[in-house]
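Have a look at the structure below, then the notes.
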Amino acid sequence: MNLQFRLNGKNVQAEAEPDEILLDLVRRLGCYSVKRGCETANCGLCTVWMDGRPILSCSTLAVRAEGRHITTLEGLQKEAEAFGMFLAGEGGEQCGFCSPGFIMNVLAMERELSNPSEEEIKEYLAGNLCRCSGYMSQLRAVKKYLEAKGGAL
């Protein structure tokens, strides 16, 4: 099946099997920030944006990308670097395997929620699993990032 969509701001045409998942398609197209984790839609490592909203690409068929705008971390490098500095500064990146999906969700949350409380942050990011950091350093990084961007907590 021939698909046409926008990937990180560029028009793309790609062939996909009817049962292919979006995770495999975007990786095949060179977006290696999208990670394969649990494959059960529980860890958040495969998070991408579809039309600006975070989705789990491991549980989304590639054919759903037809005519849509798909964004991966490769398409948000400047924003990702800005938050990544806070994440590294708090020791929240550890091995880094979960960082791309986590960053995608933090940036989506920043766009969606105005001045989120700590509880709202925790709720929004609850689907991101990390085996290294213990989450407190990640939470500190998110709070400091939002404060620096003008979203006082």
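Naming works like this for the structure tokens: A, B, ... for the chains as they're shown, residue 1 at the start of each chain, ligands 1 onward in shown order.
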Picked from region 58-140 of chain A by DSSP as helix (DSSP H, G or I), as a ChimeraX atom specification: /A:58-59,62-65,73-89,99-112,118-124,136-140
Which residues of region 40-131 of chain A have any atom within 7 Å of an atom in region 136-149 of chain A when counting only C-alpha atoms, and what is the closest pair of atoms for each, with the distance in Å to one decimal? Order the rows by chain and rising number and write it as CSV.
residue,atom,partner,partner_atom,distance
A:Phe83,CA,A:Tyr145,CA,6.3
A:Phe86,CA,A:Ala141,CA,5.1
A:Leu87,CA,A:Ala141,CA,5.0
A:Glu90,CA,A:Ser137,CA,5.3
A:Gly91,CA,A:Ser137,CA,6.0
A:Gly92,CA,A:Gln138,CA,4.7
Save out the residues we just selected, C-alpha atoms, as a PDB file, in the first residue's frame.
ATOM      1  CA  PHE A  83      14.865  20.244  27.411  1.00  0.00           C
ATOM      2  CA  PHE A  86      17.708  20.241  31.889  1.00  0.00           C
ATOM      3  CA  LEU A  87      17.343  16.456  31.844  1.00  0.00           C
ATOM      4  CA  GLU A  90      19.399  16.716  36.833  1.00  0.00           C
ATOM      5  CA  GLY A  91      20.904  13.316  35.985  1.00  0.00           C
ATOM      6  CA  GLY A  92      17.611  12.200  34.486  1.00  0.00           C
TER       7      GLY A  92
END
Residue set, region 26-128 of chain A restricted to strand (DSSP E), as a VMD selection string: chain A and resid 47 to 50 53 to 56 69 to 71
Selection near Ser57 (chain A), 7 Å with only C-alpha atoms, sequence-local residues under 2 positions removed, as a PyMOL selection string: chain A and resi 21-23+46-48+55+59-60
The selected residues should be written to file as a short mmCIF file (atom, residue, chain, number, x, y, z; two decimals), in the first residue's frame (atoms: C-alpha atoms).
data_model
loop_
_atom_site.label_atom_id
_atom_site.label_comp_id
_atom_site.auth_asym_id
_atom_site.auth_seq_id
_atom_site.Cartn_x
_atom_site.Cartn_y
_atom_site.Cartn_z
CA ILE A 21 3.04 -0.71 12.55
CA LEU A 22 4.04 2.94 12.44
CA LEU A 23 7.10 2.25 14.60
CA CYS A 46 7.82 4.58 20.77
CA THR A 47 6.04 7.94 21.20
CA VAL A 48 5.64 10.07 18.08
CA ILE A 55 0.63 8.52 20.12
CA SER A 59 0.17 0.11 18.58
CA THR A 60 -0.69 2.29 15.56
#
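Going from CA of Tyr124 (chain A) to CA of Val63 (chain A) covers 26.7 Å.
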Residues within 7 Å of Asn128 (chain A), only C-alpha atoms, excluding chain neighbours under 4 positions, as a PDB file with C-alpha atoms, in the first residue's frame:
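To be explicit, this is the file written out as result-v4.pdb:
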ATOM      1  CA  CYS A  43       6.345   2.074  28.127  1.00  0.00           C
ATOM      2  CA  GLY A  44       6.189   5.220  25.954  1.00  0.00           C
ATOM      3  CA  PHE A 102       9.986  10.931  27.314  1.00  0.00           C
TER       4      PHE A 102
END
Among the residues A:Glu20, A:Phe5, A:Val12, A:Ser33, the one that comes closest to Leu45 (chain A) [using only C-alpha atoms]: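 Between A:Glu20, A:Phe5, A:Val12, A:Ser33, the residue approaching Leu45 (chain A) most closely is A:Ser33.
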Atom-to-atom span, CA of Pro54 (chain A) and CA of Ala108 (chain A), Å: 6.6 Å
Residue neighbourhood region 24-31 of chain A, 9 Å, only C-alpha atoms, exclusion window fewer than 5 positions, as a ChimeraX atom specification: /A:7,14-16,36,57-58,62,70,72-74
Closest of A:Trp49, A:Leu3, A:Val34, A:Cys130 to Cys95 (chain A) - atom-to-atom distances counting only C-alpha atoms: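 Ranked by minimum distance to Cys95 (chain A), first place goes to A:Cys130.
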For Lys35 (chain A), the nearest of the candidates A:Gly150, A:Gly101, A:Gly134, A:Gly127, counting only C-alpha atoms: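 The answer is A:Gly101, which sits nearest to Lys35 (chain A).
We find CA of Val106 (chain A) and CA of Gln4 (chain A) to be spaced 27.7 Å apart.
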Neighbour list for Met50 (chain A) as a VMD selection string, cut-off 6 Å, only C-alpha atoms, skip fewer than 2 positions in-chain: chain A and resid 52 to 53 69 to 70
Take the selection from the previous step and output its residues with C-alpha atoms, as a PDB file, in the first residue's frame.
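Okay, this is what ended up in again.pdb:
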ATOM      1  CA  GLY A  52       0.694  17.307  16.974  1.00  0.00           C
ATOM      2  CA  ARG A  53      -0.685  14.798  19.505  1.00  0.00           C
ATOM      3  CA  HIS A  69       1.649  14.894   9.947  1.00  0.00           C
ATOM      4  CA  ILE A  70       4.005  12.582  11.833  1.00  0.00           C
TER       5      ILE A  70
END
Of the listed residues A:Glu93, A:Glu39, A:Glu79, A:Asp51, that which approaches Gly9 (chain A) most closely, counting only C-alpha atoms: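 The answer is A:Asp51, which sits nearest to Gly9 (chain A).
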